[in-house]
file model33.txt (compact mmCIF, C-alpha atoms)
# COMPACT_ATOMS: atom_id res chain seq x y z
CA MET A 15 -16.29 6.11 25.82
CA GLU A 16 -12.54 6.26 25.22
CA ALA A 17 -12.31 2.49 25.54
CA LEU A 18 -15.07 2.11 22.93
CA LYS A 19 -13.24 4.45 20.53
CA ALA A 20 -10.02 2.45 20.97
CA PHE A 21 -11.89 -0.80 20.36
CA LEU A 22 -13.57 0.54 17.20
CA LYS A 23 -10.19 1.65 15.83
CA LEU A 24 -8.72 -1.80 16.39
CA LEU A 25 -11.81 -3.70 15.23
CA PRO A 26 -10.72 -3.94 11.54
CA LEU A 27 -7.36 -5.36 12.62
CA LEU A 28 -9.07 -7.91 14.85
CA VAL A 29 -11.39 -8.95 12.01
CA GLY A 30 -8.38 -9.41 9.73
CA LEU A 31 -6.62 -11.54 12.33
CA VAL A 32 -9.72 -13.74 12.74
CA ILE A 33 -9.79 -14.32 8.97
CA LEU A 34 -6.08 -15.18 9.01
CA VAL A 35 -6.63 -17.71 11.81
CA ALA A 36 -9.43 -19.34 9.80
CA ILE A 37 -7.20 -19.54 6.70
CA ALA A 38 -4.33 -20.98 8.77
CA THR A 39 -6.61 -23.59 10.30
CA LEU A 40 -7.77 -24.83 6.89
CA SER A 41 -4.37 -24.73 5.14
CA PRO A 42 -2.43 -27.95 4.33
CA TRP A 43 0.72 -26.98 6.23
CA ARG A 44 2.58 -30.24 5.61
CA GLU A 45 2.31 -29.67 1.89
CA VAL A 46 3.25 -26.02 2.31
CA GLY A 47 6.33 -26.98 4.33
CA ALA A 48 7.42 -29.46 1.66
CA LEU A 49 7.03 -26.82 -1.06
CA LEU A 50 8.96 -24.21 0.91
CA ARG A 51 11.88 -26.65 1.23
CA ARG A 52 12.04 -26.75 -2.57
CA VAL A 53 12.81 -23.02 -2.77
CA SER A 54 16.53 -22.58 -3.45
CA TRP A 55 18.75 -20.02 -1.74
CA ALA A 56 19.10 -18.19 -5.06
CA GLU A 57 15.31 -17.86 -5.28
CA TRP A 58 15.06 -16.66 -1.67
CA LEU A 59 17.74 -14.09 -2.49
CA MET A 60 15.98 -13.01 -5.68
CA MET A 61 12.71 -12.43 -3.85
CA GLY A 62 14.62 -10.51 -1.18
CA VAL A 63 16.16 -8.22 -3.81
CA LEU A 64 12.76 -7.73 -5.41
CA SER A 65 11.34 -6.87 -1.99
CA LEU A 66 13.98 -4.18 -1.49
CA SER A 67 13.20 -2.85 -4.97
CA PHE A 68 9.49 -2.82 -4.08
CA PHE A 69 10.05 -0.51 -1.12
CA ALA A 70 12.71 1.51 -2.92
CA ALA A 71 10.23 2.40 -5.69
CA LYS A 72 7.62 3.42 -3.11
CA SER A 73 10.16 5.48 -1.15
CA ILE A 74 11.31 7.30 -4.28
CA ARG A 75 7.69 8.04 -5.17
CA TYR A 76 7.16 9.48 -1.67
CA TRP A 77 10.28 11.64 -2.02
CA ALA A 78 9.17 12.77 -5.50
CA MET A 79 5.79 13.87 -4.13
CA LEU A 80 7.47 15.91 -1.42
CA ARG A 81 9.66 17.65 -4.00
CA MET A 82 6.60 18.31 -6.16
CA LEU A 83 5.12 20.07 -3.13
CA LYS A 84 8.35 22.14 -2.93
CA PHE A 85 9.81 20.41 0.12
CA GLU A 86 13.55 20.01 -0.43
CA VAL A 87 14.02 16.92 1.71
CA PRO A 88 16.95 14.51 1.12
CA LEU A 89 15.99 11.17 -0.38
CA SER A 90 17.56 9.39 2.61
CA ARG A 91 15.27 11.19 5.08
CA ALA A 92 12.14 10.64 2.98
CA ALA A 93 13.00 6.96 2.58
CA MET A 94 13.58 6.60 6.33
CA ALA A 95 10.18 8.11 7.09
CA TYR A 96 8.46 5.93 4.50
CA VAL A 97 10.02 2.63 5.49
CA ALA A 98 10.11 3.20 9.25
CA ALA A 99 6.32 3.66 9.27
CA GLN A 100 5.64 0.30 7.62
CA PRO A 101 5.09 -1.68 10.87
CA VAL A 102 2.40 0.81 11.94
CA THR A 103 0.56 0.96 8.61
CA ILE A 104 -1.08 -2.42 9.31
CA ILE A 105 -3.27 -0.78 11.98
CA PRO A 106 -6.12 1.64 11.16
CA GLY A 107 -4.84 5.18 10.59
CA GLY A 108 -1.26 3.94 10.63
CA GLU A 109 -0.38 5.89 7.48
CA VAL A 110 -0.51 9.09 9.54
CA TYR A 111 2.58 7.88 11.41
CA ARG A 112 4.55 8.29 8.17
CA GLY A 113 3.88 12.01 8.27
CA ALA A 114 4.81 12.13 11.96
CA LEU A 115 8.14 10.45 11.21
CA LEU A 116 8.80 12.83 8.33
CA GLU A 117 8.31 15.71 10.75
CA ARG A 118 10.81 14.09 13.08
CA TYR A 119 13.39 13.28 10.41
CA ALA A 120 13.05 16.30 8.10
CA GLY A 121 11.15 18.98 10.02
CA ILE A 122 8.15 18.98 7.64
CA SER A 123 4.91 19.25 9.57
CA LEU A 124 2.29 16.53 9.31
CA LYS A 125 -0.27 19.09 8.10
CA ASP A 126 1.99 20.05 5.18
CA SER A 127 2.87 16.49 4.15
CA ALA A 128 -0.64 15.03 4.62
CA PRO A 129 -1.54 15.24 0.88
CA THR A 130 1.20 12.71 0.11
CA LEU A 131 -0.56 10.12 2.29
CA THR A 132 -3.76 10.20 0.25
CA MET A 133 -2.10 10.80 -3.12
CA GLN A 134 0.18 7.78 -2.91
CA GLY A 135 -2.84 5.61 -2.19
CA LEU A 136 -4.84 7.09 -5.08
CA VAL A 137 -2.08 6.72 -7.67
CA GLU A 138 -1.14 3.19 -6.66
CA SER A 139 -4.81 2.22 -6.53
CA ALA A 140 -5.32 3.55 -10.05
CA VAL A 141 -2.43 1.48 -11.41
CA THR A 142 -3.40 -1.64 -9.48
CA LEU A 143 -7.04 -1.29 -10.54
CA ALA A 144 -6.03 -1.02 -14.20
CA VAL A 145 -4.16 -4.32 -13.94
CA ALA A 146 -6.90 -5.91 -11.85
CA PHE A 147 -9.67 -4.86 -14.23
CA ALA A 148 -7.83 -6.39 -17.17
CA GLY A 149 -7.52 -9.54 -15.08
CA THR A 150 -11.21 -9.66 -14.19
CA LEU A 151 -12.10 -9.44 -17.87
CA TRP A 152 -9.84 -12.42 -18.51
CA ILE A 153 -11.06 -14.67 -15.68
CA GLY A 154 -14.66 -13.46 -15.93
CA GLN A 155 -15.12 -12.83 -12.19
CA ASN A 156 -15.24 -9.89 -9.75
CA ARG A 157 -15.68 -7.43 -12.63
CA VAL A 158 -18.45 -5.43 -10.93
CA VAL A 159 -16.52 -4.96 -7.67
CA VAL A 160 -13.34 -3.87 -9.44
CA LEU A 161 -15.25 -1.59 -11.80
CA ILE A 162 -17.02 0.11 -8.89
CA ALA A 163 -13.70 0.58 -7.06
CA THR A 164 -12.15 1.98 -10.27
CA LEU A 165 -14.98 4.47 -10.72
CA ILE A 166 -14.70 5.61 -7.09
CA VAL A 167 -10.95 6.26 -7.43
CA LEU A 168 -11.43 8.07 -10.75
CA VAL A 169 -14.22 10.27 -9.34
CA ILE A 170 -12.05 11.21 -6.33
CA MET A 171 -9.06 12.02 -8.55
CA VAL A 172 -11.15 14.11 -10.98
CA ALA A 173 -12.82 15.94 -8.09
CA LEU A 174 -9.44 16.77 -6.55
CA ARG A 175 -7.93 17.79 -9.88
CA ARG A 176 -10.86 20.06 -10.76
CA GLY A 177 -11.00 21.58 -7.29
CA TRP A 178 -14.61 20.49 -6.78
CA LEU A 179 -13.89 19.70 -3.14
CA LYS A 180 -12.87 23.27 -2.29
CA ASP A 181 -14.87 24.68 0.65
CA LYS A 182 -16.42 21.24 1.24
CA GLU A 183 -14.85 20.68 4.64
CA GLY A 184 -18.33 20.43 6.17
CA ALA A 185 -18.93 17.08 4.47
CA VAL A 186 -15.56 15.76 5.65
CA ASN A 187 -16.17 16.95 9.22
CA LYS A 188 -19.23 14.71 9.41
CA LEU A 189 -16.89 11.71 9.56
CA PRO A 190 -16.16 10.35 13.07
CA PHE A 191 -13.26 12.05 14.90
CA VAL A 192 -12.64 14.52 12.01
CA ASP A 193 -12.62 18.30 12.50
CA VAL A 194 -10.62 20.42 10.02
CA SER A 195 -10.76 24.14 9.29
CA ARG A 196 -11.74 25.50 5.89
CA LYS A 197 -8.32 27.13 5.47
CA TYR A 198 -6.42 23.89 6.04
CA PHE A 199 -8.86 21.80 4.01
CA ASN A 200 -8.57 24.10 1.00
CA ARG A 201 -4.78 24.01 1.26
CA PHE A 202 -5.02 20.20 1.32
CA VAL A 203 -7.15 20.23 -1.86
CA LEU A 204 -4.79 22.69 -3.59
CA ALA A 205 -1.81 20.43 -2.86
CA HIS A 206 -3.60 17.54 -4.59
CA ARG A 207 -4.30 19.71 -7.62
CA ARG A 208 -0.60 20.44 -7.84
CA LEU A 209 0.36 16.76 -7.52
CA MET A 210 -2.07 15.93 -10.32
CA ARG A 211 -0.50 18.25 -12.84
CA PRO A 212 -0.07 16.07 -15.95
CA ASP A 213 3.75 15.99 -15.77
CA PHE A 214 3.74 15.24 -12.03
CA LEU A 215 0.93 12.71 -12.26
CA TRP A 216 2.56 10.66 -15.02
CA SER A 217 5.82 10.58 -13.07
CA LEU A 218 3.97 9.22 -10.03
CA VAL A 219 2.09 6.72 -12.19
CA GLY A 220 5.40 5.53 -13.66
CA LEU A 221 6.89 4.93 -10.22
CA SER A 222 3.71 3.13 -9.16
CA VAL A 223 3.93 0.90 -12.24
CA VAL A 224 7.45 -0.06 -11.15
CA ALA A 225 6.24 -0.95 -7.63
CA VAL A 226 3.29 -2.98 -8.91
CA GLY A 227 5.52 -4.66 -11.49
CA VAL A 228 7.97 -5.73 -8.80
CA GLY A 229 5.11 -7.15 -6.74
CA ILE A 230 4.02 -9.18 -9.77
CA ALA A 231 7.59 -10.39 -10.23
CA ILE A 232 7.72 -11.62 -6.62
CA ILE A 233 4.72 -13.91 -7.02
CA PHE A 234 5.98 -15.08 -10.43
CA VAL A 235 9.36 -16.05 -8.93
CA ALA A 236 7.53 -17.75 -6.04
CA ALA A 237 5.53 -19.80 -8.56
CA ARG A 238 8.64 -20.81 -10.47
CA ALA A 239 10.39 -21.74 -7.22
CA ILE A 240 7.75 -24.38 -6.40
CA ASP A 241 7.06 -25.37 -10.04
CA ALA A 242 3.52 -23.98 -9.98
CA PRO A 243 1.91 -23.36 -13.40
CA LEU A 244 1.62 -19.57 -13.51
CA THR A 245 2.15 -17.21 -16.45
CA TRP A 246 3.12 -13.53 -16.17
CA ALA A 247 -0.47 -12.54 -16.98
CA GLN A 248 -1.78 -14.81 -14.24
CA ALA A 249 0.85 -13.45 -11.83
CA ALA A 250 -0.37 -9.92 -12.58
CA ILE A 251 -3.93 -10.91 -11.70
CA ALA A 252 -2.85 -12.87 -8.62
CA PHE A 253 -1.01 -9.82 -7.28
CA SER A 254 -3.38 -7.00 -8.20
CA LEU A 255 -6.86 -8.41 -7.67
CA PRO A 256 -6.35 -9.38 -3.99
CA VAL A 257 -4.93 -5.90 -3.33
CA VAL A 258 -8.04 -4.29 -4.80
CA LEU A 259 -10.54 -6.59 -3.10
CA GLY A 260 -8.61 -6.33 0.17
CA SER A 261 -8.79 -2.53 0.06
CA VAL A 262 -12.54 -2.65 -0.61
CA THR A 263 -13.01 -4.44 2.72
CA LEU A 264 -11.24 -1.51 4.49
CA LEU A 265 -9.20 -3.98 6.54
CA PRO A 266 -5.72 -2.56 7.35
CA GLY A 267 -3.24 -3.79 4.76
CA GLY A 268 -6.03 -5.99 3.41
CA LEU A 269 -5.14 -8.34 6.26
CA GLY A 270 -7.04 -11.60 5.92
CA ALA A 271 -9.08 -10.52 2.90
CA ASN A 272 -5.97 -10.24 0.73
CA GLU A 273 -4.71 -13.70 1.66
CA GLY A 274 -8.10 -15.35 1.24
CA THR A 275 -8.68 -13.71 -2.14
CA SER A 276 -5.18 -14.59 -3.33
CA ILE A 277 -5.59 -18.27 -2.49
CA GLY A 278 -9.04 -18.35 -4.10
CA ILE A 279 -7.89 -16.71 -7.35
CA LEU A 280 -4.85 -18.97 -7.66
CA LYS A 281 -7.07 -22.01 -7.22
CA LEU A 282 -9.35 -20.69 -9.97
CA MET A 283 -6.26 -20.64 -12.19
CA GLY A 284 -5.70 -24.33 -11.59
CA VAL A 285 -3.08 -24.02 -8.85
CA ALA A 286 -3.30 -26.69 -6.12
CA THR A 287 -4.34 -25.53 -2.64
CA GLY A 288 -0.93 -26.15 -1.07
CA ALA A 289 0.86 -24.27 -3.84
CA ALA A 290 -1.66 -21.40 -3.66
CA VAL A 291 -1.10 -21.04 0.09
CA THR A 292 2.69 -21.22 -0.37
CA MET A 293 2.74 -18.55 -3.08
CA THR A 294 0.46 -16.28 -1.06
CA LEU A 295 2.64 -16.78 2.00
CA LEU A 296 5.81 -15.90 0.08
CA LEU A 297 4.22 -12.83 -1.48
CA ARG A 298 3.00 -11.48 1.85
CA LEU A 299 6.32 -12.36 3.47
CA PHE A 300 8.26 -10.28 0.95
CA THR A 301 5.80 -7.38 0.89
CA LEU A 302 3.92 -6.96 4.17
CA GLY A 303 6.34 -8.97 6.33
CA ALA A 304 9.48 -7.47 4.81
CA GLY A 305 8.00 -4.01 5.32
CA VAL A 306 7.59 -4.67 9.04
CA ILE A 307 11.15 -6.00 9.36
CA LEU A 308 12.67 -3.14 7.34
CA GLY A 309 10.60 -0.63 9.27
CA LEU A 310 11.73 -1.89 12.66
CA ALA A 311 15.36 -1.94 11.49
CA THR A 312 15.04 1.62 10.18
CA LEU A 313 13.45 2.81 13.41
CA GLY A 314 16.30 1.25 15.37
CA PHE A 315 18.89 2.85 13.11
CA SER A 316 17.23 6.25 13.35
CA TYR A 317 17.34 6.19 17.14
CA ILE A 318 21.01 5.28 17.06
CA GLY A 319 21.78 7.87 14.38
CA LYS A 320 19.77 10.61 16.14
CA PRO A 321 18.57 12.67 13.15
CA GLU A 322 18.88 16.44 13.34
CA ASN A 323 15.16 17.00 13.87
CA ASP A 324 14.76 14.31 16.53
CA LYS A 325 13.32 16.00 19.61

call {"tool": "encode", "arguments": {"input": "model33.txt", "output": "C-alpha cells"}}
result
Amino acid sequence: MEALKAFLKLLPLLVGLVILVAIATLSPWREVGALLRRVSWAEWLMMGVLSLSFFAAKSIRYWAMLRMLKFEVPLSRAAMAYVAAQPVTIIPGGEVYRGALLERYAGISLKDSAPTLTMQGLVESAVTLAVAFAGTLWIGQNRVVVLIATLIVLVIMVALRRGWLKDKEGAVNKLPFVDVSRKYFNRFVLAHRRLMRPDFLWSLVGLSVVAVGVGIAIIFVAARAIDAPLTWAQAAIAFSLPVVLGSVTLLPGGLGANEGTSIGILKLMGVATGAAVTMTLLLRLFTLGAGVILGLATLGFSYIGKPENDK
C-alpha cells in the first residue's frame, strides 16, 4: 500500500518526463545547437540577470506575505526558504518543503505559514491568466480552457475572501491523504481573508506582475538573441499561455506540458521549429533550471552558515 502511494505521488512527474523525452526525440537538435552558438555572452548575461530578478521578485512577494500575516521575518531568511525549496517544487507536493525550510530558517511553523503557499499560487495564476486570456483572444485559440481556469481561480479567491469556506473542512478532508481539524482549517481561511485585503492584495498583484514581466522579458531576449521574429505581445503570450495550460494538466512545474505548449504556440506565431525549441529551452533554463541551481546553492550555503533555527 505504501509503495502504491509513493508511486501515485510520483506519477505526475513520470508523465512529465515521458512527454519531455518525446519532445527531445522529435526536436531538431543540430539546428538548436547552431542557434545556441549565436547567443552572445552579453545576451547570456542579460538572461542570467533577468533570472535573478525573476526569483528576487518572487522571494520579496513571499516575504511580503509573511509580514502581512504579522511574521517579522528578515528578508534574507524568507528569500533563503523560498529559493532553497525550488529544486523540490518540481515534484508533487514540493511546495510544502518551502514552509518546512521557513520553519528551519526562521522558526515559523509550517501550519502558520501554509496560507502563503496557496496564496502565492492564486495571485500569480490570476496575473498570468489575465495575460494569457488577452493572448488567446489575439491568436483565437485555447480561449475556453483559459477562461475556465480563470473562472476557477476567481471563484476560489472570492470564496476565500468572503469566508464561504469557513467550517467546510469536511469537503477538504475527502481528498486523499488530507485530514485537518476545523480549528486549523478556519485559521487557514482567515489568513487568506487577511492576505486578500484590498491594500495587501494589490501589493501582491504588483509583485506578481513584476515576476511575470521578467519572465516575458527572458523569452523576448532569447528571441532577439537568435533573430527570431517575436514581438513583446507575442512574447507575453508565449510565456503566459504555456504556464496556464501546464498548470491545468496538474503536472509538477508544468513539466512536459509547458514545453510542448510553448513550442506549439511559437510555431503558430510563425517561428521555425528549431527556433521555437531553442527559445523554449532558454526560457526553461533561466526559470525552472536556474531555480534548481539557485536552490541547491542556497541549501549548501545554509548548511555551511548554520542558521539560528537549524536543529

call {"tool": "closest_atom_pairs", "arguments": {"input": "model33.txt", "of": "region 31-117 of chain A", "to": "region 278-292 of chain A", "cutoff": "8 Å", "atoms": "all atoms listed in the file", "output": "tab-separated table"}}
result
residue	atom	partner	partner_atom	distance
A:Ser41	CA	A:Val291	CA	7.1
A:Pro42	CA	A:Gly288	CA	5.9
A:Trp43	CA	A:Gly288	CA	7.5
A:Glu45	CA	A:Gly288	CA	5.6
A:Val46	CA	A:Gly288	CA	5.4
A:Leu49	CA	A:Thr292	CA	7.1
A:Leu50	CA	A:Thr292	CA	7.1

call {"tool": "residues_around", "arguments": {"input": "model33.txt", "residues": "Arg207 (chain A)", "least_positions_apart": "6", "cutoff": "12 Å", "atoms": "only C-alpha atoms", "output": "PyMOL selection string"}}
result
chain A and resi 82-83+129-130+133+170-180+200-201+214-215

call {"tool": "residues_around", "arguments": {"input": "model33.txt", "residues": "Leu59 (chain A)", "least_positions_apart": "6", "cutoff": "12 Å", "atoms": "only C-alpha atoms", "output": "PDB file with C-alpha atoms, in the frame of the given file"}}
result
ATOM      1  CA  VAL A  53      12.810 -23.020  -2.770  1.00  0.00           C
ATOM      2  CA  SER A  65      11.340  -6.870  -1.990  1.00  0.00           C
ATOM      3  CA  LEU A  66      13.980  -4.180  -1.490  1.00  0.00           C
ATOM      4  CA  ILE A 232       7.720 -11.620  -6.620  1.00  0.00           C
ATOM      5  CA  VAL A 235       9.360 -16.050  -8.930  1.00  0.00           C
ATOM      6  CA  ALA A 236       7.530 -17.750  -6.040  1.00  0.00           C
ATOM      7  CA  ALA A 239      10.390 -21.740  -7.220  1.00  0.00           C
ATOM      8  CA  PHE A 300       8.260 -10.280   0.950  1.00  0.00           C
TER       9      PHE A 300
END

call {"tool": "closest_residue", "arguments": {"input": "model33.txt", "among": "A:Ala99, A:Ile74, A:Ile277, A:Leu64", "to": "Leu218 (chain A)", "atoms": "only C-alpha atoms"}}
result
A:Ile74

call {"tool": "closest_residue", "arguments": {"input": "model33.txt", "among": "A:Trp216, A:Met293, A:Ser127, A:Ser139", "to": "Arg238 (chain A)", "atoms": "only C-alpha atoms"}}
result
A:Met293

call {"tool": "closest_residue", "arguments": {"input": "model33.txt", "among": "A:Glu117, A:His206, A:Ala70, A:Ala271", "to": "Val97 (chain A)", "atoms": "only C-alpha atoms"}}
result
A:Ala70

call {"tool": "closest_residue", "arguments": {"input": "model33.txt", "among": "A:Leu165, A:Ile233, A:Val63, A:Leu296", "to": "Ala140 (chain A)", "atoms": "all atoms listed in the file"}}
result
A:Leu165

call {"tool": "residues_around", "arguments": {"input": "model33.txt", "residues": "Ser90 (chain A)", "least_positions_apart": "2", "cutoff": "10 Å", "atoms": "only C-alpha atoms", "output": "tab-separated table (two decimals) with C-alpha atoms, in the coordinates of the input"}}
result
chain	number	residue	atom	x	y	z
A	73	SER	CA	10.16	5.48	-1.15
A	74	ILE	CA	11.31	7.30	-4.28
A	77	TRP	CA	10.28	11.64	-2.02
A	87	VAL	CA	14.02	16.92	1.71
A	88	PRO	CA	16.95	14.51	1.12
A	92	ALA	CA	12.14	10.64	2.98
A	93	ALA	CA	13.00	6.96	2.58
A	94	MET	CA	13.58	6.60	6.33
A	95	ALA	CA	10.18	8.11	7.09
A	96	TYR	CA	8.46	5.93	4.50
A	119	TYR	CA	13.39	13.28	10.41
A	120	ALA	CA	13.05	16.30	8.10

call {"tool": "closest_residue", "arguments": {"input": "model33.txt", "among": "A:Met210, A:Leu302, A:Ile240, A:Leu131", "to": "Trp58 (chain A)", "atoms": "all atoms listed in the file"}}
result
A:Ile240

call {"tool": "atom_distance", "arguments": {"input": "model33.txt", "atom1": "CA of Gly229 (chain A)", "atom2": "CA of Ser67 (chain A)"}}
result
9.3 Å

call {"tool": "atom_distance", "arguments": {"input": "model33.txt", "atom1": "CA of Val223 (chain A)", "atom2": "CA of Val306 (chain A)"}}
result
22.3 Å

call {"tool": "atom_distance", "arguments": {"input": "model33.txt", "atom1": "CA of Lys84 (chain A)", "atom2": "CA of Thr103 (chain A)"}}
result
25.3 Å

call {"tool": "closest_residue", "arguments": {"input": "model33.txt", "among": "A:Ala114, A:Ala128, A:Val219, A:Ile37", "to": "Val102 (chain A)", "atoms": "only C-alpha atoms"}}
result
A:Ala114

call {"tool": "residues_around", "arguments": {"input": "model33.txt", "residues": "Val160 (chain A)", "least_positions_apart": "5", "cutoff": "10 Å", "atoms": "only C-alpha atoms", "output": "list of chain:residue names"}}
result
A:Leu143, A:Ala144, A:Ala146, A:Phe147, A:Ala148, A:Gly149, A:Thr150, A:Gln155, A:Leu165, A:Ile166, A:Leu255, A:Val258, A:Leu259, A:Val262

call {"tool": "write_last_selection", "arguments": {"input": "model33.txt", "atoms": "C-alpha atoms", "output": "tab-separated table (two decimals), in the frame of the given file"}}
result
chain	number	residue	atom	x	y	z
A	143	LEU	CA	-7.04	-1.29	-10.54
A	144	ALA	CA	-6.03	-1.02	-14.20
A	146	ALA	CA	-6.90	-5.91	-11.85
A	147	PHE	CA	-9.67	-4.86	-14.23
A	148	ALA	CA	-7.83	-6.39	-17.17
A	149	GLY	CA	-7.52	-9.54	-15.08
A	150	THR	CA	-11.21	-9.66	-14.19
A	155	GLN	CA	-15.12	-12.83	-12.19
A	165	LEU	CA	-14.98	4.47	-10.72
A	166	ILE	CA	-14.70	5.61	-7.09
A	255	LEU	CA	-6.86	-8.41	-7.67
A	258	VAL	CA	-8.04	-4.29	-4.80
A	259	LEU	CA	-10.54	-6.59	-3.10
A	262	VAL	CA	-12.54	-2.65	-0.61

call {"tool": "residues_near_point", "arguments": {"input": "model33.txt", "point": "(5.3, -3.3, -7.9)", "cutoff": "10 Å", "atoms": "all atoms listed in the file", "output": "NGL selection string"}}
result
:A and (64-65 or 67-69 or 71-72 or 138 or 141-142 or 221-232 or 250 or 253-254 or 301)
